[in-house]
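Enquirer: Data file final.pdb (PDB, C-alpha atoms) is appended below.
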ATOM      1  CA  MET A  11      54.865 198.716 -22.856
ATOM      2  CA  MET A  12      56.017 196.246 -25.484
ATOM      3  CA  ARG A  13      53.578 193.455 -26.289
ATOM      4  CA  GLY A  14      54.243 190.287 -28.284
ATOM      5  CA  VAL A  15      53.645 186.570 -28.724
ATOM      6  CA  LEU A  16      56.304 183.903 -28.266
ATOM      7  CA  TYR A  17      55.822 180.409 -29.688
ATOM      8  CA  LEU A  18      58.019 177.803 -28.065
ATOM      9  CA  CYS A  19      58.150 174.121 -28.957
ATOM     10  CA  ALA A  20      60.116 172.250 -26.286
ATOM     11  CA  THR A  21      60.560 168.697 -25.135
ATOM     12  CA  PHE A  22      60.335 167.750 -21.477
ATOM     13  CA  SER A  23      60.301 164.512 -19.541
ATOM     14  CA  ALA A  24      57.332 163.906 -17.236
ATOM     15  CA  GLY A  25      58.236 165.322 -13.846
ATOM     16  CA  GLU A  26      61.212 167.364 -15.165
ATOM     17  CA  ALA A  27      61.488 171.019 -14.199
ATOM     18  CA  PHE A  28      61.545 173.754 -16.802
ATOM     19  CA  PRO A  29      65.260 174.704 -17.056
ATOM     20  CA  SER A  30      66.616 178.229 -16.955
ATOM     21  CA  ASN A  31      68.387 177.723 -20.288
ATOM     22  CA  PRO A  32      66.237 174.974 -21.819
ATOM     23  CA  PRO A  33      67.573 172.650 -24.512
ATOM     24  CA  TRP A  34      64.574 172.928 -26.802
ATOM     25  CA  PHE A  35      65.184 169.559 -28.419
ATOM     26  CA  THR A  36      66.459 166.502 -26.558
ATOM     27  CA  THR A  37      66.611 162.815 -27.457
ATOM     28  CA  SER A  38      65.917 161.315 -24.015
ATOM     29  CA  SER A  39      62.590 163.000 -23.249
ATOM     30  CA  TRP A  40      59.324 161.169 -22.675
ATOM     31  CA  LEU A  41      56.802 163.791 -23.718
ATOM     32  CA  THR A  42      56.833 166.565 -26.302
ATOM     33  CA  VAL A  43      54.815 169.534 -25.093
ATOM     34  CA  PRO A  44      54.029 172.345 -27.523
ATOM     35  CA  LEU A  45      53.954 175.586 -25.619
ATOM     36  CA  VAL A  46      52.325 178.797 -26.718
ATOM     37  CA  LEU A  47      53.232 181.440 -24.204
ATOM     38  CA  PHE A  48      51.473 184.732 -24.507
ATOM     39  CA  PHE A  49      53.195 187.463 -22.613
ATOM     40  CA  THR A  50      52.967 191.198 -22.265
ATOM     41  CA  SER A  51      56.088 191.594 -20.188
ATOM     42  CA  GLN A  52      59.150 189.795 -18.914
ATOM     43  CA  ASP A  53      57.423 189.401 -15.545
ATOM     44  CA  GLU A  54      54.512 187.489 -17.076
ATOM     45  CA  LEU A  55      56.856 185.149 -18.935
ATOM     46  CA  GLU A  56      58.844 184.556 -15.739
ATOM     47  CA  ALA A  57      55.639 183.836 -13.801
ATOM     48  CA  LYS A  58      54.577 181.274 -16.393
ATOM     49  CA  ARG A  59      57.999 179.674 -16.264
ATOM     50  CA  HIS A  60      57.858 179.388 -12.482
ATOM     51  CA  ASP A  61      54.350 177.939 -12.625
ATOM     52  CA  PHE A  62      55.497 175.333 -15.147
ATOM     53  CA  CYS A  63      58.477 174.461 -12.951
ATOM     54  CA  ARG A  64      56.172 174.079  -9.948
ATOM     55  CA  GLN A  65      53.890 171.734 -11.878
ATOM     56  CA  ASN A  66      56.870 169.652 -12.969
ATOM     57  CA  VAL A  67      58.171 169.479  -9.409
ATOM     58  CA  ASN A  68      54.759 168.355  -8.147
ATOM     59  CA  ALA A  69      54.483 165.766 -10.907
ATOM     60  CA  SER A  70      57.943 164.461 -10.115
ATOM     61  CA  SER A  71      57.104 164.301  -6.400
ATOM     62  CA  ASP A  72      53.889 162.369  -7.065
ATOM     63  CA  CYS A  73      55.698 159.958  -9.376
ATOM     64  CA  CYS A  74      58.511 159.379  -6.881
ATOM     65  CA  MET A  75      56.143 158.965  -3.935
ATOM     66  CA  ALA A  76      54.053 156.376  -5.781
ATOM     67  CA  LEU A  77      57.225 154.487  -6.649
ATOM     68  CA  ILE A  78      58.515 154.702  -3.058
ATOM     69  CA  ASP A  79      55.234 153.463  -1.594
ATOM     70  CA  ASP A  80      55.301 150.488  -3.933
ATOM     71  CA  ILE A  81      58.952 149.583  -3.288
ATOM     72  CA  PHE A  82      58.967 150.101   0.501
ATOM     73  CA  HIS A  83      55.541 148.541   1.122
ATOM     74  CA  PRO A  84      56.823 144.944   1.690
ATOM     75  CA  LEU A  85      59.391 146.162   4.242
ATOM     76  CA  TYR A  86      56.823 148.001   6.356
ATOM     77  CA  GLU A  87      54.406 145.095   6.035
ATOM     78  CA  ASP A  88      57.135 142.990   7.677
ATOM     79  CA  VAL A  89      57.295 145.613  10.421
ATOM     80  CA  LYS A  90      53.540 145.264  10.975
ATOM     81  CA  GLN A  91      53.876 141.489  11.114
ATOM     82  CA  GLY A  92      56.457 141.811  13.913
ATOM     83  CA  THR A  93      59.370 140.478  11.866
ATOM     84  CA  PHE A  94      61.748 142.970  13.474
ATOM     85  CA  SER A  95      60.235 142.989  16.960
ATOM     86  CA  LYS A  96      62.962 140.842  18.472
ATOM     87  CA  PRO A  97      66.491 141.164  19.802
ATOM     88  CA  GLY A  98      68.654 142.410  16.915
ATOM     89  CA  GLY A  99      65.557 143.343  14.953
ATOM     90  CA  TYR A 100      66.492 147.030  14.664
ATOM     91  CA  TYR A 101      69.828 146.259  12.997
ATOM     92  CA  LEU A 102      68.124 143.754  10.722
ATOM     93  CA  PHE A 103      65.621 146.464   9.769
ATOM     94  CA  ILE A 104      68.414 148.931   8.945
ATOM     95  CA  LYS A 105      70.108 146.280   6.817
ATOM     96  CA  LYS A 106      66.890 145.445   5.015
ATOM     97  CA  MET A 107      66.236 149.147   4.431
ATOM     98  CA  ASN A 108      69.166 149.282   2.007
ATOM     99  CA  GLU A 109      67.458 146.880  -0.407
ATOM    100  CA  PRO A 110      64.473 149.094  -1.334
ATOM    101  CA  LYS A 111      66.754 152.138  -1.387
ATOM    102  CA  GLU A 112      68.971 150.516  -3.991
ATOM    103  CA  LYS A 113      65.950 149.356  -5.961
ATOM    104  CA  TYR A 114      64.520 152.886  -5.915
ATOM    105  CA  HIS A 115      67.746 154.441  -7.184
ATOM    106  CA  GLN A 116      67.929 151.895  -9.996
ATOM    107  CA  VAL A 117      64.612 153.035 -11.470
ATOM    108  CA  PRO A 118      65.337 155.601 -14.233
ATOM    109  CA  ARG A 119      63.655 158.927 -15.050
ATOM    110  CA  LYS A 120      62.478 159.956 -11.583
ATOM    111  CA  ARG A 121      63.927 163.406 -12.284
ATOM    112  CA  VAL A 122      64.117 166.481 -10.092
ATOM    113  CA  GLN A 123      62.495 165.260  -6.861
ATOM    114  CA  THR A 124      64.250 161.885  -6.631
ATOM    115  CA  GLU A 125      66.300 162.492  -3.491
ATOM    116  CA  GLU A 126      64.054 165.082  -1.874
ATOM    117  CA  THR A 127      60.989 162.832  -1.989
ATOM    118  CA  LEU A 128      62.962 159.898  -0.605
ATOM    119  CA  ARG A 129      64.358 162.083   2.175
ATOM    120  CA  LYS A 130      60.871 163.265   3.191
ATOM    121  CA  TYR A 131      59.488 159.731   3.089
ATOM    122  CA  LEU A 132      62.264 158.315   5.253
ATOM    123  CA  GLY A 133      61.870 161.268   7.596
ATOM    124  CA  SER A 134      58.189 160.439   8.021
ATOM    125  CA  LYS A 135      59.193 156.877   8.980
ATOM    126  CA  GLU A 136      61.807 157.802  11.573
ATOM    127  CA  GLY A 137      59.285 157.049  14.308
ATOM    128  CA  VAL A 138      59.074 153.459  13.113
ATOM    129  CA  ALA A 139      62.852 153.046  13.251
ATOM    130  CA  ASP A 140      62.970 154.616  16.720
ATOM    131  CA  ALA A 141      60.238 152.289  17.959
ATOM    132  CA  LEU A 142      62.117 149.280  16.581
ATOM    133  CA  ARG A 143      65.332 150.464  18.188
ATOM    134  CA  GLN A 144      63.651 150.854  21.569
ATOM    135  CA  THR A 145      61.941 147.487  21.249
ATOM    136  CA  ASP A 146      65.220 145.888  20.263
ATOM    137  CA  GLN A 147      67.018 147.440  23.197
ATOM    138  CA  SER A 148      64.286 146.456  25.657
ATOM    139  CA  LEU A 149      64.128 142.870  24.455
ATOM    140  CA  THR A 150      67.888 142.539  24.392
ATOM    141  CA  GLU A 151      68.191 143.794  27.966
ATOM    142  CA  LYS A 152      65.430 141.510  29.172
ATOM    143  CA  GLU A 153      66.326 138.490  27.112
ATOM    144  CA  GLU A 154      66.980 136.447  30.259
ATOM    145  CA  GLU A 155      64.062 137.940  32.178
ATOM    146  CA  THR A 156      60.353 137.285  32.499
ATOM    147  CA  GLU A 157      59.334 139.546  29.622
ATOM    148  CA  VAL A 158      61.173 137.442  27.112
ATOM    149  CA  GLU A 159      59.608 134.320  28.585
ATOM    150  CA  ARG A 160      56.192 135.887  28.105
ATOM    151  CA  VAL A 161      56.997 136.690  24.505
ATOM    152  CA  LYS A 162      58.222 133.156  23.979
ATOM    153  CA  SER A 163      55.061 131.834  25.605
ATOM    154  CA  GLU A 164      52.931 133.898  23.248
ATOM    155  CA  ALA A 165      54.975 132.674  20.298
ATOM    156  CA  ALA A 166      54.518 129.101  21.495
ATOM    157  CA  GLU A 167      50.780 129.664  21.798
ATOM    158  CA  ALA A 168      50.685 131.065  18.279
ATOM    159  CA  ALA A 169      52.678 128.079  17.048
ATOM    160  CA  LYS A 170      50.258 125.760  18.849
ATOM    161  CA  LYS A 171      47.290 127.397  17.175
ATOM    162  CA  MET A 172      49.040 127.164  13.836
ATOM    163  CA  LEU A 173      49.726 123.470  14.442
ATOM    164  CA  GLU A 174      46.092 122.897  15.357
ATOM    165  CA  GLU A 175      45.030 124.584  12.147
ATOM    166  CA  MET A 176      47.427 122.411  10.186
ATOM    167  CA  GLN A 177      46.072 119.301  11.900
ATOM    168  CA  LYS A 178      42.527 120.340  11.039
ATOM    169  CA  LYS A 179      43.531 120.833   7.427
ATOM    170  CA  ASN A 180      45.289 117.457   7.381
ATOM    171  CA  GLN A 181      42.237 115.796   8.895
ATOM    172  CA  GLN A 182      40.035 117.426   6.302
ATOM    173  CA  MET A 183      42.354 116.227   3.556
ATOM    174  CA  MET A 184      42.241 112.676   4.938
ATOM    175  CA  GLN A 185      38.445 112.799   5.042
ATOM    176  CA  GLU A 186      38.354 114.012   1.470
ATOM    177  CA  LYS A 187      40.750 111.240   0.440
ATOM    178  CA  GLU A 188      38.592 108.661   2.251
ATOM    179  CA  ALA A 189      35.472 109.953   0.541
ATOM    180  CA  SER A 190      37.250 109.838  -2.806
ATOM    181  CA  TYR A 191      38.418 106.267  -2.088
ATOM    182  CA  GLN A 192      34.925 105.154  -1.131
ATOM    183  CA  GLU A 193      33.519 106.696  -4.277
ATOM    184  CA  HIS A 194      36.172 104.952  -6.342
ATOM    185  CA  MET A 195      35.397 101.621  -4.697
ATOM    186  CA  LYS A 196      31.682 102.152  -5.282
ATOM    187  CA  GLN A 197      32.251 102.817  -8.956
ATOM    188  CA  LEU A 198      34.608  99.823  -9.196
ATOM    189  CA  THR A 199      32.056  97.552  -7.503
ATOM    190  CA  GLU A 200      29.312  98.722  -9.821
ATOM    191  CA  LYS A 201      31.560  98.100 -12.800
ATOM    192  CA  MET A 202      32.402  94.584 -11.601
ATOM    193  CA  GLU A 203      28.734  93.794 -10.972
ATOM    194  CA  ASN A 204      27.826  95.039 -14.431
ATOM    195  CA  GLU A 205      30.583  92.972 -15.986
ATOM    196  CA  ARG A 206      29.471  89.901 -13.972
ATOM    197  CA  ALA A 207      25.863  90.367 -15.051
ATOM    198  CA  GLN A 208      27.012  90.719 -18.648
ATOM    199  CA  LEU A 209      29.116  87.554 -18.339
ATOM    200  CA  ILE A 210      26.195  85.575 -16.895
ATOM    201  CA  ALA A 211      23.945  86.825 -19.665
ATOM    202  CA  ASP A 212      26.521  85.795 -22.270
ATOM    203  CA  GLN A 213      26.887  82.355 -20.669
ATOM    204  CA  GLU A 214      23.120  81.862 -20.538
ATOM    205  CA  ARG A 215      22.837  82.863 -24.174
ATOM    206  CA  VAL A 216      25.560  80.388 -25.185
ATOM    207  CA  LEU A 217      23.959  77.672 -23.063
ATOM    208  CA  ALA A 218      20.568  78.319 -24.626
ATOM    209  CA  LEU A 219      22.126  78.110 -28.074
ATOM    210  CA  LYS A 220      23.816  74.815 -27.223
ATOM    211  CA  LEU A 221      20.552  73.448 -25.816
ATOM    212  CA  GLN A 222      18.748  74.438 -28.946
ATOM    213  CA  VAL A 223      21.341  72.645 -31.087
ATOM    214  CA  PHE A 224      21.086  69.586 -28.837
ATOM    215  CA  ASN A 225      17.298  69.493 -29.112
ATOM    216  CA  CYS A 226      17.532  69.752 -32.846
ATOM    217  CA  SER A 227      19.968  66.839 -32.900
ATOM    218  CA  ILE A 228      17.638  64.700 -30.744
ATOM    219  CA  SER A 229      14.679  65.423 -32.991
ATOM    220  CA  ILE A 230      16.612  64.455 -36.121
ATOM    221  CA  LEU A 231      18.122  61.240 -34.638
ATOM    222  CA  PRO A 232      14.958  58.981 -34.673
ATOM    223  CA  SER A 233      14.307  59.767 -38.327
ATOM    224  CA  THR A 234      17.840  58.861 -39.184
ATOM    225  CA  VAL A 235      17.607  55.529 -37.278
ATOM    226  CA  LEU A 236      14.347  54.594 -39.013
ATOM    227  CA  ASN A 237      15.770  55.343 -42.413
ATOM    228  CA  GLN A 238      18.762  53.155 -41.671
ATOM    229  CA  SER A 239      16.512  50.271 -40.502
ATOM    230  CA  SER A 240      14.532  50.368 -43.693
TER     231      SER A 240
END
Could I get this file's structure written as C-alpha coordinates?
Expert:
Amino acid sequence: MMRGVLYLCATFSAGEAFPSNPPWFTTSSWLTVPLVLFFTSQDELEAKRHDFCRQNVNASSDCCMALIDDIFHPLYEDVKQGTFSKPGGYYLFIKKMNEPKEKYHQVPRKRVQTEETLRKYLGSKEGVADALRQTDQSLTEKEEETEVERVKSEAAEAAKKMLEEMQKKNQQMMQEKEASYQEHMKQLTEKMENERAQLIADQERVLALKLQVFNCSISILPSTVLNQSS
(Lines of atoms letter the chains of each structure in order from A and count residues from 1; the text may use other names and numbers.)
(Lines give C-alpha, C1' and ligand atoms only; values in the text may rest on other atoms or scores of the structure.)
Protein backbone atom coordinates (compact mmCIF):
# COMPACT_ATOMS: atom_id res chain seq x y z
CA MET A 1 0.00 0.00 0.00
CA MET A 2 1.30 3.43 -0.94
CA ARG A 3 2.22 5.69 1.97
CA GLY A 4 2.95 9.42 1.87
CA VAL A 5 2.63 12.81 3.53
CA LEU A 6 0.56 15.68 2.16
CA TYR A 7 1.13 19.24 3.37
CA LEU A 8 -1.80 21.54 2.71
CA CYS A 9 -1.98 25.22 3.58
CA ALA A 10 -5.57 26.43 3.18
CA THR A 11 -7.66 29.36 4.29
CA PHE A 12 -11.08 28.88 5.82
CA SER A 13 -13.62 31.13 7.47
CA ALA A 14 -14.74 30.19 10.99
CA GLY A 15 -17.74 27.92 10.65
CA GLU A 16 -17.15 27.21 6.92
CA ALA A 17 -17.19 23.62 5.71
CA PHE A 18 -14.19 22.06 4.02
CA PRO A 19 -15.10 22.14 0.29
CA SER A 20 -14.80 19.21 -2.08
CA ASN A 21 -12.60 21.25 -4.44
CA PRO A 22 -11.13 23.79 -2.00
CA PRO A 23 -9.81 27.15 -3.18
CA TRP A 24 -6.58 27.02 -1.21
CA PHE A 25 -6.21 30.79 -1.08
CA THR A 26 -9.12 33.20 -0.69
CA THR A 27 -9.31 36.90 0.16
CA SER A 28 -12.51 36.89 2.24
CA SER A 29 -11.53 34.33 4.89
CA TRP A 30 -11.30 35.04 8.60
CA LEU A 31 -8.77 32.45 9.71
CA THR A 32 -5.77 30.85 8.03
CA VAL A 33 -5.36 27.27 9.19
CA PRO A 34 -2.19 25.39 8.28
CA LEU A 35 -3.04 21.76 7.79
CA VAL A 36 -0.64 18.86 7.88
CA LEU A 37 -2.56 15.78 6.88
CA PHE A 38 -0.80 12.50 7.28
CA PHE A 39 -2.44 9.75 5.34
CA THR A 40 -1.73 6.18 4.39
CA SER A 41 -4.64 5.81 2.02
CA GLN A 42 -7.36 7.69 0.22
CA ASP A 43 -9.84 6.47 2.85
CA GLU A 44 -7.87 8.08 5.68
CA LEU A 45 -7.67 11.39 3.84
CA GLU A 46 -11.41 11.26 3.13
CA ALA A 47 -12.14 10.50 6.80
CA LYS A 48 -10.08 13.50 7.89
CA ARG A 49 -11.87 15.69 5.38
CA HIS A 50 -15.27 14.58 6.66
CA ASP A 51 -14.21 15.15 10.26
CA PHE A 52 -13.04 18.66 9.40
CA CYS A 53 -16.32 19.36 7.62
CA ARG A 54 -18.25 18.13 10.65
CA GLN A 55 -16.27 20.41 12.96
CA ASN A 56 -16.93 23.37 10.67
CA VAL A 57 -20.64 22.57 10.54
CA ASN A 58 -20.79 22.37 14.34
CA ALA A 59 -18.87 25.62 14.69
CA SER A 60 -21.19 27.32 12.23
CA SER A 61 -24.24 25.97 14.07
CA ASP A 62 -22.95 27.22 17.43
CA CYS A 63 -22.16 30.64 15.97
CA CYS A 64 -25.58 30.93 14.32
CA MET A 65 -27.44 29.73 17.41
CA ALA A 66 -25.67 32.25 19.65
CA LEU A 67 -26.54 34.99 17.18
CA ILE A 68 -30.18 33.83 16.95
CA ASP A 69 -30.59 33.69 20.72
CA ASP A 70 -29.27 37.23 21.01
CA ILE A 71 -31.43 38.66 18.20
CA PHE A 72 -34.69 36.86 19.07
CA HIS A 73 -34.37 37.28 22.85
CA PRO A 74 -36.26 40.63 23.05
CA LEU A 75 -39.19 39.22 21.04
CA TYR A 76 -39.66 36.22 23.33
CA GLU A 77 -39.22 38.42 26.39
CA ASP A 78 -42.23 40.38 25.09
CA VAL A 79 -44.07 37.07 24.83
CA LYS A 80 -43.27 36.33 28.48
CA GLN A 81 -44.47 39.78 29.48
CA GLY A 82 -47.85 39.10 27.83
CA THR A 83 -47.43 41.70 25.08
CA PHE A 84 -49.12 39.41 22.55
CA SER A 85 -51.67 37.82 24.88
CA LYS A 86 -54.57 39.87 23.56
CA PRO A 87 -56.99 39.92 20.65
CA GLY A 88 -54.89 40.29 17.48
CA GLY A 89 -51.76 39.43 19.41
CA TYR A 90 -50.91 36.40 17.25
CA TYR A 91 -50.85 38.45 14.04
CA LEU A 92 -48.82 41.13 15.79
CA PHE A 93 -46.36 38.43 16.87
CA ILE A 94 -46.03 37.12 13.30
CA LYS A 95 -45.42 40.66 12.07
CA LYS A 96 -42.83 41.32 14.75
CA MET A 97 -41.13 38.01 13.93
CA ASN A 98 -40.01 39.41 10.58
CA GLU A 99 -37.83 42.05 12.25
CA PRO A 100 -35.34 39.68 13.94
CA LYS A 101 -35.37 37.46 10.85
CA GLU A 102 -34.27 40.36 8.67
CA LYS A 103 -31.68 41.41 11.23
CA TYR A 104 -30.30 37.86 11.35
CA HIS A 105 -29.97 37.63 7.57
CA GLN A 106 -28.16 40.98 7.48
CA VAL A 107 -25.33 39.70 9.68
CA PRO A 108 -22.48 38.51 7.40
CA ARG A 109 -20.29 35.39 7.57
CA LYS A 110 -22.69 32.97 9.25
CA ARG A 111 -21.73 30.41 6.60
CA VAL A 112 -22.98 26.89 6.00
CA GLN A 113 -25.58 26.50 8.77
CA THR A 114 -27.29 29.88 8.38
CA GLU A 115 -30.70 28.70 7.21
CA GLU A 116 -30.66 25.26 8.81
CA THR A 117 -29.99 26.64 12.29
CA LEU A 118 -32.70 29.27 11.88
CA ARG A 119 -35.15 26.63 10.67
CA LYS A 120 -34.47 24.40 13.69
CA TYR A 121 -34.76 27.33 16.09
CA LEU A 122 -38.08 28.49 14.67
CA GLY A 123 -39.28 24.90 14.69
CA SER A 124 -38.51 24.66 18.40
CA LYS A 125 -40.64 27.78 18.95
CA GLU A 126 -43.69 26.63 17.01
CA GLY A 127 -45.39 25.78 20.29
CA VAL A 128 -45.16 29.41 21.35
CA ALA A 129 -46.78 30.60 18.13
CA ASP A 130 -49.53 27.98 18.46
CA ALA A 131 -50.21 29.03 22.04
CA LEU A 132 -50.44 32.68 20.97
CA ARG A 133 -52.76 31.77 18.13
CA GLN A 134 -55.07 29.85 20.45
CA THR A 135 -55.00 32.63 23.03
CA ASP A 136 -55.74 35.17 20.34
CA GLN A 137 -58.63 33.15 19.01
CA SER A 138 -60.07 32.55 22.49
CA LEU A 139 -59.84 36.19 23.49
CA THR A 140 -61.26 37.37 20.20
CA GLU A 141 -64.25 35.05 20.50
CA LYS A 142 -64.88 36.07 24.09
CA GLU A 143 -64.14 39.74 23.72
CA GLU A 144 -67.71 40.63 24.69
CA GLU A 145 -67.97 37.94 27.35
CA THR A 146 -67.05 37.57 31.00
CA GLU A 147 -63.53 36.29 30.36
CA VAL A 148 -62.50 39.51 28.71
CA GLU A 149 -64.02 41.47 31.57
CA ARG A 150 -61.94 39.43 33.99
CA VAL A 151 -58.81 40.15 32.00
CA LYS A 152 -59.69 43.82 31.93
CA SER A 153 -60.31 43.73 35.67
CA GLU A 154 -56.89 42.19 36.24
CA ALA A 155 -55.32 44.81 33.99
CA ALA A 156 -57.12 47.53 35.93
CA GLU A 157 -55.87 46.05 39.20
CA ALA A 158 -52.33 46.00 37.84
CA ALA A 159 -52.72 49.60 36.70
CA LYS A 160 -54.03 50.52 40.15
CA LYS A 161 -51.02 48.94 41.81
CA MET A 162 -48.74 50.72 39.39
CA LEU A 163 -50.47 54.02 40.17
CA GLU A 164 -50.09 53.39 43.89
CA GLU A 165 -46.40 52.74 43.39
CA MET A 166 -46.08 55.95 41.42
CA GLN A 167 -47.90 57.86 44.15
CA LYS A 168 -45.55 56.41 46.76
CA LYS A 169 -42.57 57.46 44.69
CA ASN A 170 -44.03 60.95 44.22
CA GLN A 171 -44.68 61.22 47.95
CA GLN A 172 -41.14 60.15 48.66
CA MET A 173 -39.84 62.73 46.21
CA MET A 174 -41.93 65.45 47.89
CA GLN A 175 -40.59 64.43 51.29
CA GLU A 176 -37.06 64.56 49.98
CA LYS A 177 -37.72 67.99 48.46
CA GLU A 178 -39.20 69.20 51.77
CA ALA A 179 -36.19 67.91 53.67
CA SER A 180 -33.88 69.60 51.18
CA TYR A 181 -35.86 72.86 51.52
CA GLN A 182 -35.70 72.73 55.31
CA GLU A 183 -31.98 72.11 55.18
CA HIS A 184 -31.56 75.03 52.80
CA MET A 185 -33.58 77.30 55.07
CA LYS A 186 -31.55 76.17 58.08
CA GLN A 187 -28.31 76.99 56.32
CA LEU A 188 -29.72 80.33 55.14
CA THR A 189 -30.87 81.21 58.66
CA GLU A 190 -27.48 80.34 60.10
CA LYS A 191 -25.81 82.46 57.46
CA MET A 192 -28.08 85.43 58.21
CA GLU A 193 -27.49 85.08 61.95
CA ASN A 194 -23.74 84.96 61.39
CA GLU A 195 -23.90 88.02 59.17
CA ARG A 196 -26.06 89.84 61.76
CA ALA A 197 -23.65 88.97 64.55
CA GLN A 198 -20.76 90.18 62.40
CA LEU A 199 -22.62 93.43 61.65
CA ILE A 200 -23.33 94.05 65.34
CA ALA A 201 -19.71 93.37 66.18
CA ASP A 202 -18.59 95.81 63.48
CA GLN A 203 -21.03 98.45 64.75
CA GLU A 204 -19.87 97.99 68.34
CA ARG A 205 -16.27 98.30 67.25
CA VAL A 206 -17.00 101.52 65.35
CA LEU A 207 -18.99 102.87 68.29
CA ALA A 208 -16.17 102.06 70.69
CA LEU A 209 -13.72 103.82 68.40
CA LYS A 210 -15.94 106.90 68.22
CA LEU A 211 -16.33 106.90 72.00
CA GLN A 212 -12.62 106.68 72.43
CA VAL A 213 -12.12 109.66 70.10
CA PHE A 214 -14.81 111.59 71.98
CA ASN A 215 -13.18 110.90 75.34
CA CYS A 216 -9.87 112.03 74.01
CA SER A 217 -11.46 115.25 72.77
CA ILE A 218 -13.06 115.90 76.19
CA SER A 219 -9.78 115.36 77.99
CA ILE A 220 -7.94 117.78 75.70
CA LEU A 221 -10.63 120.52 75.83
CA PRO A 222 -10.00 121.86 79.42
CA SER A 223 -6.30 122.28 78.73
CA THR A 224 -7.07 124.21 75.62
CA VAL A 225 -9.53 126.52 77.47
CA LEU A 226 -7.01 127.23 80.24
CA ASN A 227 -4.30 128.07 77.76
CA GLN A 228 -6.63 130.48 76.00
CA SER A 229 -7.57 132.17 79.32
CA SER A 230 -3.96 132.75 80.18
Enquirer: Of the candidates A:Val223, A:Leu128, A:Val161, A:Met183, which shows the shortest atom-to-atom distance to Phe82 of chain A, using only C-alpha atoms?
Expert: A:Leu128
Enquirer: For atom CA of Ala165 of chain A and atom CA of Gly137 of chain A, determine how far apart the two atoms are, in Å to one decimal place.
Expert: 25.5 Å
Enquirer: In Å to one decimal, how far is atom CA of Val117 of chain A from atom CA of Tyr100 of chain A?
Expert: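 Computing the Euclidean distance for atom CA of Tyr100 of chain A and atom CA of Val117 of chain A yields 26.9 Å.
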Enquirer: Between A:Val89, A:Leu102, A:Val67, A:Met75, which one has atoms that come closest to Lys130 of chain A, using all atoms listed in the file?
Expert: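 Smallest separation from Lys130 of chain A among the options: A:Met75.
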Enquirer: When you draw a straight line from atom CA of Glu174 of chain A to atom CA of Gln91 of chain A, how long is it in Å?
Expert: 20.6 Å
Enquirer: Would you translate the PyMOL selection byres ((chain A and resi 94) around 12) into the concrete set of residues it matches in this file, as a PyMOL selection string?
Expert: chain A and resi 85-93+95-107+138-139+141-147+149
Enquirer: The PyMOL selection byres ((chain A and resi 68) around 12) - which residues does that actually catch in the file I just gave you? List them as a ChimeraX atom specification.
Expert: /A:24-27,61-67,69-75,120-124,126-127
